[in-house]
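Text of target07.cif, listed as mmCIF, C-alpha atoms:
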data_work
#
loop_
_atom_site.label_atom_id
_atom_site.label_comp_id
_atom_site.auth_asym_id
_atom_site.auth_seq_id
_atom_site.Cartn_x
_atom_site.Cartn_y
_atom_site.Cartn_z
CA MET A 1 7.73 -26.21 15.18
CA TYR A 2 6.24 -22.86 14.10
CA VAL A 3 6.90 -23.22 10.36
CA THR A 4 5.29 -26.65 10.06
CA ALA A 5 2.22 -25.45 11.96
CA GLU A 6 1.79 -22.16 10.08
CA SER A 7 2.61 -23.14 6.49
CA PRO A 8 -0.40 -25.46 5.88
CA MET A 9 -2.78 -22.65 6.91
CA LEU A 10 -1.05 -20.24 4.56
CA PHE A 11 -1.20 -22.67 1.66
CA SER A 12 -4.87 -23.43 2.31
CA ALA A 13 -5.64 -19.71 2.24
CA MET A 14 -4.34 -19.50 -1.33
CA GLU A 15 -6.12 -22.68 -2.42
CA ASN A 16 -9.42 -21.45 -0.98
CA TYR A 17 -9.13 -17.99 -2.50
CA THR A 18 -8.17 -19.22 -5.97
CA ASP A 19 -10.73 -22.05 -5.78
CA SER A 20 -8.07 -24.47 -6.93
CA GLU A 21 -5.98 -27.15 -5.32
CA ASN A 22 -2.30 -27.28 -6.10
CA GLU A 23 -1.87 -30.34 -8.29
CA LEU A 24 1.47 -31.26 -6.75
CA LYS A 25 1.08 -33.88 -4.04
CA LYS A 26 3.47 -32.17 -1.66
CA MET A 27 5.55 -29.05 -1.12
CA ASP A 28 9.13 -29.39 0.07
CA PHE A 29 11.13 -26.75 1.92
CA ILE A 30 14.91 -26.51 1.73
CA SER A 31 16.75 -24.38 4.28
CA ILE A 32 20.02 -22.92 2.95
CA PRO A 33 22.56 -21.07 5.12
CA ASP A 34 23.57 -17.65 3.71
CA PHE A 35 21.05 -17.92 0.87
CA ASP A 36 21.18 -14.89 -1.44
CA GLY A 37 17.73 -13.48 -0.77
CA ASP A 38 14.86 -14.49 1.49
CA GLY A 39 13.84 -17.44 -0.66
CA MET A 40 13.08 -18.74 -4.15
CA GLU A 41 10.02 -20.55 -5.42
CA ASN A 42 10.19 -23.65 -7.63
CA TRP A 43 7.66 -26.23 -8.70
CA GLY A 44 6.93 -28.22 -5.56
CA ILE A 45 10.05 -27.13 -3.72
CA ASN A 46 10.82 -23.76 -2.18
CA THR A 47 14.24 -22.75 -0.91
CA TYR A 48 14.63 -20.36 2.02
CA ARG A 49 17.31 -18.57 3.91
CA GLU A 50 17.94 -20.70 6.96
CA LYS A 51 16.88 -18.12 9.53
CA TYR A 52 13.29 -18.18 8.25
CA MET A 53 12.97 -21.93 8.71
CA LEU A 54 15.00 -22.85 11.76
CA PHE A 55 14.39 -20.80 14.87
CA ASP A 56 13.17 -21.23 18.41
CA ASP A 57 9.41 -21.19 18.93
CA ASP A 58 10.00 -18.55 21.61
CA SER A 59 11.46 -16.16 19.03
CA LYS A 60 10.08 -12.63 18.79
CA LEU A 61 6.63 -12.36 17.25
CA LYS A 62 7.85 -9.97 14.55
CA PHE A 63 10.32 -12.58 13.34
CA LYS A 64 7.56 -15.20 13.16
CA GLU A 65 5.46 -12.76 11.17
CA ARG A 66 8.34 -12.18 8.77
CA SER A 67 8.85 -15.92 8.37
CA ALA A 68 5.16 -16.45 7.59
CA MET A 69 5.19 -13.69 4.99
CA VAL A 70 8.27 -15.05 3.22
CA ILE A 71 6.58 -18.45 3.07
CA GLN A 72 3.33 -16.92 1.80
CA LYS A 73 5.03 -14.95 -0.97
CA LEU A 74 6.66 -18.09 -2.34
CA TYR A 75 3.38 -19.98 -2.00
CA SER A 76 1.68 -17.23 -4.04
CA HIS A 77 4.23 -17.76 -6.78
CA GLN A 78 2.96 -21.33 -7.20
CA TRP A 79 -0.06 -19.69 -8.85
CA PHE A 80 1.39 -16.40 -10.10
CA GLY A 81 4.63 -17.28 -11.82
CA ASN A 82 4.48 -21.08 -11.96
CA LEU A 83 0.90 -22.06 -12.81
CA VAL A 84 0.55 -18.96 -15.00
CA THR A 85 3.76 -17.37 -16.26
CA CYS A 86 4.42 -13.96 -17.79
CA ALA A 87 5.20 -14.19 -21.51
CA TRP A 88 8.22 -11.88 -21.26
CA TRP A 89 10.11 -9.77 -18.74
CA ASP A 90 8.08 -6.71 -19.77
CA TYR A 91 5.20 -8.26 -17.84
CA LEU A 92 7.10 -9.45 -14.78
CA TRP A 93 4.64 -7.66 -12.51
CA LEU A 94 2.04 -10.32 -13.36
CA SER A 95 4.14 -12.62 -11.19
CA GLU A 96 5.80 -10.24 -8.74
CA GLY A 97 2.91 -7.83 -8.19
CA PHE A 98 0.32 -10.53 -7.53
CA ALA A 99 2.72 -12.48 -5.31
CA ARG A 100 3.44 -9.34 -3.29
CA TYR A 101 -0.24 -8.54 -2.92
CA PHE A 102 -1.21 -12.03 -1.80
CA GLN A 103 1.78 -12.14 0.52
CA TYR A 104 -0.29 -9.79 2.68
CA TYR A 105 -3.86 -10.58 1.64
CA ALA A 106 -3.60 -14.36 2.06
CA THR A 107 -1.57 -14.03 5.26
CA GLU A 108 -4.42 -11.97 6.70
CA LEU A 109 -6.90 -14.66 5.66
CA ALA A 110 -4.88 -17.14 7.74
CA ASN A 111 -4.14 -14.69 10.58
CA PRO A 112 -6.95 -12.10 10.81
CA ASP A 113 -5.57 -10.46 13.96
CA TRP A 114 -2.28 -9.51 12.28
CA ARG A 115 -3.79 -6.43 10.54
CA MET A 116 -2.03 -7.21 7.28
CA ASN A 117 -4.16 -4.77 5.26
CA GLU A 118 -2.90 -1.87 7.37
CA LEU A 119 0.66 -3.20 7.27
CA PHE A 120 0.42 -3.49 3.49
CA VAL A 121 -0.35 0.22 3.26
CA ILE A 122 2.64 1.32 5.34
CA GLU A 123 5.09 -1.30 4.09
CA GLN A 124 4.17 -1.55 0.39
CA HIS A 125 1.82 1.23 -0.76
CA GLN A 126 3.69 3.95 1.11
CA THR A 127 7.10 2.58 0.09
CA ALA A 128 6.04 2.44 -3.56
CA MET A 129 4.90 6.08 -3.49
CA GLU A 130 8.22 7.11 -1.95
CA PHE A 131 10.12 5.21 -4.65
CA ASP A 132 7.96 6.43 -7.55
CA GLN A 133 7.83 10.13 -6.67
CA THR A 134 10.78 10.56 -9.00
CA PRO A 135 9.10 8.56 -11.82
CA ARG A 136 11.28 5.85 -13.34
CA HIS A 137 9.29 3.53 -15.59
CA PRO A 138 5.79 2.05 -15.89
CA ILE A 139 4.73 -1.20 -14.25
CA THR A 140 4.53 -2.76 -17.70
CA THR A 141 7.91 -1.75 -19.06
CA SER A 142 10.33 -2.48 -21.88
CA VAL A 143 13.05 -5.06 -21.25
CA LYS A 144 15.60 -5.55 -24.02
CA THR A 145 18.92 -6.57 -22.44
CA SER A 146 20.22 -8.82 -19.70
CA ASP A 147 21.06 -5.70 -17.68
CA ASP A 148 17.43 -4.61 -17.99
CA ILE A 149 16.38 -7.95 -16.52
CA GLN A 150 18.69 -7.52 -13.53
CA ASN A 151 17.48 -3.97 -12.89
CA ILE A 152 13.76 -4.65 -13.18
CA PHE A 153 13.44 -6.49 -9.86
CA GLU A 154 12.55 -3.44 -7.79
CA CYS A 155 9.78 -1.48 -6.15
CA VAL A 156 7.68 -0.53 -9.19
CA ILE A 157 7.29 -4.13 -10.38
CA SER A 158 6.38 -5.52 -6.95
CA ASN A 159 5.23 -2.89 -4.44
CA LYS A 160 3.55 -0.46 -6.83
CA ALA A 161 1.95 -3.24 -8.87
CA ALA A 162 0.56 -4.73 -5.66
CA ALA A 163 -0.78 -1.33 -4.58
CA ILE A 164 -2.54 -0.92 -7.94
CA LEU A 165 -4.11 -4.36 -7.48
CA ARG A 166 -5.38 -3.31 -4.04
CA MET A 167 -6.83 -0.15 -5.60
CA LEU A 168 -8.52 -2.27 -8.28
CA GLN A 169 -9.99 -4.67 -5.73
CA CYS A 170 -11.46 -1.80 -3.70
CA ILE A 171 -12.92 -0.10 -6.78
CA VAL A 172 -14.62 -3.17 -8.28
CA THR A 173 -15.41 -4.87 -4.89
CA ASP A 174 -14.03 -8.16 -3.60
CA SER A 175 -16.10 -10.63 -5.63
CA ASN A 176 -15.65 -8.69 -8.88
CA PHE A 177 -11.92 -8.88 -8.32
CA GLU A 178 -11.76 -12.51 -7.18
CA VAL A 179 -14.03 -14.27 -9.70
CA PRO A 180 -12.38 -13.03 -12.93
CA LEU A 181 -8.95 -13.53 -11.37
CA ASN A 182 -9.77 -17.17 -10.76
CA LEU A 183 -11.10 -17.48 -14.32
CA TYR A 184 -7.79 -16.06 -15.54
CA LEU A 185 -5.86 -18.71 -13.59
CA LYS A 186 -8.06 -21.48 -14.99
CA ASN A 187 -8.09 -20.22 -18.59
CA PHE A 188 -4.33 -19.77 -18.81
CA LYS A 189 -3.21 -22.66 -16.65
CA TYR A 190 0.32 -23.76 -17.64
CA GLY A 191 0.43 -20.91 -20.14
CA ALA A 192 2.39 -17.73 -20.78
CA VAL A 193 0.39 -14.50 -20.54
CA THR A 194 0.44 -10.76 -21.13
CA PRO A 195 -1.60 -8.12 -19.27
CA SER A 196 -3.99 -8.06 -22.24
CA ASN A 197 -4.96 -11.65 -21.46
CA LEU A 198 -5.72 -10.72 -17.86
CA TRP A 199 -7.75 -7.62 -18.65
CA ALA A 200 -9.71 -9.42 -21.39
CA VAL A 201 -10.95 -11.92 -18.80
CA TYR A 202 -12.06 -9.05 -16.55
CA GLU A 203 -13.72 -7.23 -19.46
CA ASN A 204 -15.63 -10.34 -20.55
CA TYR A 205 -16.75 -11.14 -17.03
CA TYR A 206 -17.99 -7.61 -16.42
CA PHE A 207 -19.84 -7.64 -19.74
CA ASP A 208 -21.57 -10.90 -18.78
CA ILE A 209 -22.77 -9.60 -15.41
CA GLY A 210 -23.50 -6.06 -16.62
CA PHE A 211 -20.94 -4.38 -14.39
CA LYS A 212 -19.40 -1.00 -15.25
CA LEU A 213 -16.93 1.20 -13.44
CA SER A 214 -18.93 4.20 -14.63
CA GLU A 215 -20.31 5.58 -17.84
CA ASN A 216 -17.48 6.47 -20.23
CA VAL A 217 -14.82 4.83 -18.05
CA PRO A 218 -13.73 1.73 -20.02
CA PHE A 219 -12.16 -0.84 -17.71
CA THR A 220 -9.02 -1.56 -19.73
CA ASN A 221 -8.40 2.13 -20.41
CA PHE A 222 -8.66 2.81 -16.68
CA ILE A 223 -6.31 0.08 -15.50
CA GLU A 224 -3.75 0.60 -18.26
CA SER A 225 -3.53 4.28 -17.38
CA TRP A 226 -1.95 3.01 -14.14
CA THR A 227 0.11 0.10 -15.45
CA ASN A 228 1.44 1.64 -18.67
CA GLN A 229 2.55 5.06 -17.38
CA PRO A 230 5.18 6.07 -14.82
CA GLY A 231 4.52 8.02 -11.64
CA TYR A 232 1.25 8.94 -9.97
CA PRO A 233 -0.88 12.08 -9.47
CA VAL A 234 -1.49 14.60 -6.71
CA VAL A 235 -5.14 15.64 -6.51
CA ASN A 236 -5.72 19.23 -5.36
CA VAL A 237 -8.98 20.00 -3.55
CA ILE A 238 -10.05 23.60 -2.90
CA ARG A 239 -13.34 24.35 -1.21
CA ASN A 240 -15.40 27.45 -1.93
CA GLN A 241 -18.58 27.33 0.16
CA ASN A 242 -20.47 24.27 -1.15
CA THR A 243 -18.27 23.52 -4.17
CA TYR A 244 -14.99 21.63 -4.36
CA THR A 245 -12.70 22.54 -7.22
CA ILE A 246 -10.61 19.48 -8.07
CA THR A 247 -7.52 19.45 -10.26
CA TYR A 248 -4.57 17.11 -10.57
CA LYS A 249 -1.10 16.79 -12.01
CA PRO A 250 1.74 14.25 -11.89
CA PHE A 251 3.44 14.33 -8.49
CA SER A 252 7.18 14.76 -8.24
CA ILE A 253 9.58 16.03 -5.62
CA TRP A 254 11.47 17.78 -8.44
CA PRO A 255 9.80 20.95 -9.81
CA THR A 256 11.51 20.49 -13.18
CA ASP A 257 10.13 16.99 -13.77
CA ASN A 258 8.36 16.84 -17.15
CA ASN A 259 6.18 13.77 -16.61
CA THR A 260 3.10 14.08 -18.84
CA SER A 261 1.21 11.03 -17.55
CA SER A 262 -2.54 11.31 -17.13
CA TRP A 263 -4.87 8.87 -15.37
CA TYR A 264 -8.42 7.75 -14.74
CA ILE A 265 -8.76 8.62 -11.04
CA GLY A 266 -11.58 7.23 -8.93
CA ILE A 267 -12.72 9.80 -6.37
CA THR A 268 -13.88 8.72 -2.91
CA TYR A 269 -14.47 11.12 -0.05
CA THR A 270 -16.28 11.77 3.21
CA ASN A 271 -16.65 14.62 5.68
CA ASN A 272 -16.96 15.17 9.42
CA LEU A 273 -20.76 14.81 9.30
CA ALA A 274 -20.95 11.53 7.36
CA ARG A 275 -17.66 9.93 8.47
CA ASN A 276 -18.30 7.03 6.07
CA PHE A 277 -14.83 5.64 5.46
CA ASP A 278 -15.98 2.19 4.31
CA ASP A 279 -17.63 2.89 0.95
CA LEU A 280 -14.62 2.56 -1.34
CA ARG A 281 -16.44 2.65 -4.69
CA PRO A 282 -15.68 5.91 -6.53
CA VAL A 283 -18.50 8.46 -6.54
CA ARG A 284 -16.92 10.42 -9.39
CA TRP A 285 -14.11 9.95 -11.90
CA ILE A 286 -11.45 12.33 -13.13
CA LYS A 287 -10.60 11.38 -16.69
CA PRO A 288 -7.25 11.76 -18.46
CA TYR A 289 -6.34 15.31 -19.44
CA THR A 290 -9.31 16.75 -17.55
CA SER A 291 -8.19 20.20 -16.42
CA VAL A 292 -10.74 20.72 -13.65
CA MET A 293 -13.72 19.00 -12.03
CA TYR A 294 -16.34 20.51 -9.72
CA LEU A 295 -18.00 18.58 -6.92
CA ARG A 296 -20.95 20.03 -5.04
CA ASP A 297 -21.53 19.35 -1.34
CA SER A 298 -24.45 21.12 0.30
CA SER A 299 -23.66 19.84 3.80
CA LEU A 300 -22.38 22.21 6.47
CA CYS A 301 -19.28 20.13 7.08
CA THR A 302 -16.08 21.59 8.52
CA TRP A 303 -13.60 19.20 6.87
CA VAL A 304 -13.41 16.73 4.02
CA ILE A 305 -11.08 13.80 3.30
CA PHE A 306 -10.50 12.38 -0.17
CA ASN A 307 -9.08 8.94 -1.05
CA LEU A 308 -10.73 6.81 1.62
CA GLN A 309 -8.48 4.31 3.40
CA TRP A 310 -5.73 5.45 1.03
CA THR A 311 -6.90 2.94 -1.57
CA GLY A 312 -6.10 5.18 -4.54
CA PHE A 313 -2.46 5.42 -5.62
CA TYR A 314 -2.34 9.20 -5.40
CA ARG A 315 -1.71 12.03 -2.96
CA VAL A 316 -4.22 14.71 -1.92
CA ASN A 317 -3.57 18.37 -1.14
CA TYR A 318 -6.19 20.69 0.37
CA ASP A 319 -6.72 24.38 0.91
CA LEU A 320 -5.23 25.78 4.12
CA ASN A 321 -8.53 25.90 6.00
CA ASN A 322 -9.26 22.22 5.38
CA TRP A 323 -5.78 21.24 6.59
CA GLN A 324 -6.31 23.29 9.74
CA GLN A 325 -9.70 21.72 10.39
CA LEU A 326 -8.24 18.24 9.94
CA ILE A 327 -5.45 19.05 12.41
CA LYS A 328 -8.06 20.29 14.89
CA GLN A 329 -10.06 17.07 14.47
CA LEU A 330 -6.98 14.89 14.99
CA ASN A 331 -6.20 16.67 18.24
CA GLU A 332 -9.77 16.58 19.53
CA SER A 333 -10.75 13.03 18.54
CA ASN A 334 -8.47 11.33 16.03
CA THR A 335 -10.57 8.14 15.88
CA ASN A 336 -13.23 10.09 13.98
CA ILE A 337 -10.84 9.65 11.05
CA HIS A 338 -10.06 6.14 9.80
CA VAL A 339 -6.63 4.90 10.86
CA LEU A 340 -5.45 4.51 7.24
CA ASN A 341 -6.52 8.06 6.48
CA ARG A 342 -4.58 9.23 9.52
CA VAL A 343 -1.60 7.45 7.97
CA GLN A 344 -2.37 9.12 4.65
CA LEU A 345 -2.60 12.60 6.16
CA ILE A 346 0.81 12.20 7.79
CA ASP A 347 2.52 10.83 4.69
CA ASP A 348 0.84 13.16 2.20
CA SER A 349 1.49 16.31 4.22
CA PHE A 350 5.18 15.58 4.78
CA ASN A 351 5.79 14.61 1.16
CA LEU A 352 3.81 17.54 -0.22
CA ALA A 353 5.99 19.79 1.94
CA ARG A 354 9.08 18.00 0.66
CA ALA A 355 7.94 18.74 -2.90
CA GLY A 356 7.36 22.42 -2.11
CA MET A 357 3.58 22.13 -2.47
CA LEU A 358 2.81 22.72 1.22
CA ASN A 359 4.42 24.71 4.00
CA TYR A 360 6.22 22.49 6.54
CA THR A 361 4.19 24.08 9.34
CA ILE A 362 1.24 21.91 8.25
CA PRO A 363 2.85 18.45 8.66
CA LEU A 364 4.71 19.51 11.81
CA ASN A 365 1.55 20.91 13.40
CA LEU A 366 -0.36 17.84 12.28
CA SER A 367 2.18 15.50 13.88
CA THR A 368 1.59 17.06 17.32
CA TYR A 369 -1.59 14.98 17.58
CA LEU A 370 0.54 11.84 17.83
CA THR A 371 0.72 12.15 21.62
CA LYS A 372 -2.98 11.25 21.50
CA GLU A 373 -2.54 8.43 18.97
CA ASP A 374 -3.26 5.02 20.53
CA ASP A 375 -2.88 3.02 17.33
CA GLU A 376 0.62 1.90 16.36
CA ILE A 377 0.03 1.98 12.59
CA PRO A 378 0.25 5.78 12.10
CA TRP A 379 3.42 5.81 14.15
CA TYR A 380 5.22 3.72 11.54
CA THR A 381 4.57 6.43 8.96
CA ALA A 382 5.40 9.25 11.36
CA ILE A 383 8.76 7.65 12.16
CA GLU A 384 9.70 7.47 8.47
CA CYS A 385 8.59 11.04 7.74
CA LEU A 386 10.17 12.61 10.82
CA SER A 387 13.40 10.68 10.37
CA TYR A 388 13.74 12.20 6.90
CA VAL A 389 13.21 15.71 8.28
CA VAL A 390 15.78 15.13 11.04
CA GLU A 391 18.33 13.93 8.51
CA ARG A 392 17.74 16.92 6.22
CA MET A 393 18.04 19.38 9.10
CA ARG A 394 21.51 18.23 10.15
CA ARG A 395 23.10 21.12 8.24
CA SER A 396 21.12 23.69 10.21
CA ALA A 397 22.45 23.91 13.77
CA GLU A 398 19.50 25.82 15.19
CA GLY A 399 16.84 23.98 13.23
CA TYR A 400 18.43 20.60 13.86
CA ASP A 401 18.42 21.04 17.63
CA TYR A 402 14.75 22.02 17.57
CA ILE A 403 13.55 19.17 15.37
CA LYS A 404 15.74 16.64 17.16
CA SER A 405 14.29 17.67 20.52
CA TYR A 406 10.75 17.53 19.12
CA VAL A 407 11.22 14.09 17.61
CA ARG A 408 12.93 12.76 20.75
CA LYS A 409 9.87 13.67 22.83
CA LEU A 410 7.60 11.82 20.42
CA ALA A 411 9.93 8.81 20.36
CA GLU A 412 10.06 8.62 24.15
CA PHE A 413 6.28 8.90 24.31
CA ILE A 414 5.49 6.01 21.97
CA TYR A 415 8.23 3.80 23.37
CA LYS A 416 7.02 4.21 26.96
CA LYS A 417 3.41 3.73 25.91
CA THR A 418 4.01 0.44 24.11
CA GLU A 419 6.48 -0.72 26.78
CA ILE A 420 3.77 -0.37 29.43
CA LEU A 421 1.34 -2.39 27.31
CA VAL A 422 3.84 -5.14 26.53
CA VAL A 423 5.82 -5.38 29.78
CA GLN A 424 3.39 -4.27 32.46
CA TYR A 425 0.03 -5.37 31.08
CA LYS A 426 1.49 -8.22 29.00
CA THR A 427 -0.79 -7.55 26.05
CA ASP A 428 -1.09 -10.33 23.50
CA ASP A 429 -2.03 -7.92 20.70
CA HIS A 430 0.11 -8.88 17.72
CA THR A 431 0.56 -5.38 16.31
CA THR A 432 1.43 -3.80 19.65
CA ILE A 433 4.11 -6.39 20.40
CA THR A 434 5.74 -6.19 16.98
CA SER A 435 5.54 -2.38 17.01
CA TRP A 436 7.27 -2.12 20.38
CA ASN A 437 10.34 -3.80 18.90
CA LYS A 438 10.52 -1.17 16.14
CA PHE A 439 9.79 1.77 18.42
CA SER A 440 12.48 0.70 20.89
CA VAL A 441 15.08 1.00 18.12
CA TRP A 442 13.79 4.43 17.02
CA ALA A 443 13.64 5.79 20.58
#
What does this structure look like when you write it as structure tokens?
Amino acid sequence: MYVTAESPMLFSAMENYTDSENELKKMDFISIPDFDGDGMENWGINTYREKYMLFDDDSKLKFKERSAMVIQKLYSHQWFGNLVTCAWWDYLWLSEGFARYFQYYATELANPDWRMNELFVIEQHQTAMEFDQTPRHPITTSVKTSDDIQNIFECVISNKAAAILRMLQCIVTDSNFEVPLNLYLKNFKYGAVTPSNLWAVYENYYFDIGFKLSENVPFTNFIESWTNQPGYPVVNVIRNQNTYTITYKPFSIWPTDNNTSSWYIGITYTNNLARNFDDLRPVRWIKPYTSVMYLRDSSLCTWVIFNLQWTGFYRVNYDLNNWQQLIKQLNESNTNIHVLNRVQLIDDSFNLARAGMLNYTIPLNLSTYLTKEDDEIPWYTAIECLSYVVERMRRSAEGYDYIKSYVRKLAEFIYKKTEILVVQYKTDDHTTITSWNKFSVWA
């Protein structure tokens, strides 16, 4: 049975990462028909909707993946929520955000070929940015009534919180994220906590090992600028010869939005000459209420990309020439740009156009490269962005026919491509098989 074979590996992944064995001697599963939700964690016994527990081993791979992720999320709650509990509903993200993050991170530890890091970006990070582009409330928020409690279980508390944790892990590096997190679990075992307890452990650990984010970037100030304020920024990059002029402001799809949030933003970037997409430590920092920052680059590069692997929870807009050079690169050799930055370019360009910050010719021209895209991950994002445009164009007879025809050609292309791989060549690649199911519906 798939569930009984997969679940021990998932549980071991959490035990190994947290360097702690669950003190309960066993974990029971209860399968409930028509359960309200995917599942619910409890001490030593998790309840699940029946369809995630009882299914044929020959079921579609995407369904098995979904089952494993539901199991992993509830396993994660054994540590984040049960072993250590938030002191009040204001801090619910300490349970939900960590559980969401490890739903993907620990599942990838158990199943490295599932590409869960990439799926996290398109399913959680991207979704959170979509939800939060009309800012609602901070991750750490104020809960005063029973209605507030009911309404708080949404994207900001889970998806966005998880995306901020991913950003933190990439900024401080894996070990500097893992070790203090495990100390936090040990120090507050069976206790009720606030974010201050968590950040104090990180601060103390970094002091002991002599680690700093950067001069004049206090750790707690940095992280609380993301957890205690709503929304997120758009970073604007304009190149003038060998100097980049960098500014930022809160992003919103509504021009009249009066969000005054300001953040510590870690800047990562590369260009077509270096093409180093793997160094995710910030090279510079934009501090709160900084009006402008200048970055010098003496290389003779033709394009630049900021926010490597889309680890930062912000969007990036460029001058027209840089957008055009990026589009040219995507059409000539898209693999010279990291797959997650290809995802980022698609999502940022369409949403910047939606907000009136970029002409729609840029994202539409950029999306033409997709007929050369052999990786399924960017297609997920393209489908979401293009579907929105199609829906918005329904009121324009001439425009709707054009965009519908354009999107149909792309849909037919990706469906036929993945169908050949799955049906004709019988690929066993996990992502290709699960993607084909999604693309067949879209096409």
Residue neighbourhood A:Arg49, 9 Å, all atoms listed in the file, exclusion window fewer than 5 positions, as a list in words: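 Once the adjacent positions are removed, what remains is Ile30, Ser31, Ile32, Pro33, Asp34, Phe35, Asp36, Gly37, Asp38 and Gly39 of chain A.
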Leaving out A:Phe29 and any residue of its chain fewer than 6 positions from it, which residues lie within 7 Å of it when counting only C-alpha atoms, given as an NGL selection string? :A and (45-47)
Grab the residues selected above and save them as a PDB file, in the frame of the given file with C-alpha atoms.
ATOM      1  CA  ILE A  45      10.050 -27.130  -3.720  1.00  0.00           C
ATOM      2  CA  ASN A  46      10.820 -23.760  -2.180  1.00  0.00           C
ATOM      3  CA  THR A  47      14.240 -22.750  -0.910  1.00  0.00           C
TER       4      THR A  47
END
Selection near stretch 268-277 of chain A, 6 Å with only C-alpha atoms, sequence-local residues under 4 positions removed, as a PyMOL selection string: chain A and resi 282-283+301+303-308
List, as a PyMOL selection string, every residue that the PyMOL selection byres ((chain A and resi 66-83) around 6) selects in the file provided. chain A and resi 41+52+63-65+84-85+95+99+103+189-190
Skipping near chain neighbours, those fewer than 6 positions away, what residues fall within 7 Å of A:Ala128 using all atoms listed in the file, listed as a ChimeraX atom specification? /A:155-156,159-160
Output C-alpha atoms for every residue in that selection, as a CSV table (one decimal), in the frame of the given file.
chain,number,residue,atom,x,y,z
A,155,CYS,CA,9.8,-1.5,-6.2
A,156,VAL,CA,7.7,-0.5,-9.2
A,159,ASN,CA,5.2,-2.9,-4.4
A,160,LYS,CA,3.6,-0.5,-6.8
Taking the file as shown, find all residues satisfying the PyMOL selection byres ((chain A and resi 406-410) around 9) and write them as a PDB file with C-alpha atoms, keeping the file's coordinate frame.
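Final file, part.pdb:
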ATOM      1  CA  THR A 368       1.590  17.060  17.320  1.00  0.00           C
ATOM      2  CA  LEU A 370       0.540  11.840  17.830  1.00  0.00           C
ATOM      3  CA  THR A 371       0.720  12.150  21.620  1.00  0.00           C
ATOM      4  CA  ILE A 383       8.760   7.650  12.160  1.00  0.00           C
ATOM      5  CA  LEU A 386      10.170  12.610  10.820  1.00  0.00           C
ATOM      6  CA  SER A 387      13.400  10.680  10.370  1.00  0.00           C
ATOM      7  CA  VAL A 390      15.780  15.130  11.040  1.00  0.00           C
ATOM      8  CA  ASP A 401      18.420  21.040  17.630  1.00  0.00           C
ATOM      9  CA  TYR A 402      14.750  22.020  17.570  1.00  0.00           C
ATOM     10  CA  ILE A 403      13.550  19.170  15.370  1.00  0.00           C
ATOM     11  CA  LYS A 404      15.740  16.640  17.160  1.00  0.00           C
ATOM     12  CA  SER A 405      14.290  17.670  20.520  1.00  0.00           C
ATOM     13  CA  ALA A 411       9.930   8.810  20.360  1.00  0.00           C
ATOM     14  CA  GLU A 412      10.060   8.620  24.150  1.00  0.00           C
ATOM     15  CA  PHE A 413       6.280   8.900  24.310  1.00  0.00           C
ATOM     16  CA  ILE A 414       5.490   6.010  21.970  1.00  0.00           C
ATOM     17  CA  TYR A 415       8.230   3.800  23.370  1.00  0.00           C
ATOM     18  CA  ALA A 443      13.640   5.790  20.580  1.00  0.00           C
TER      19      ALA A 443
END
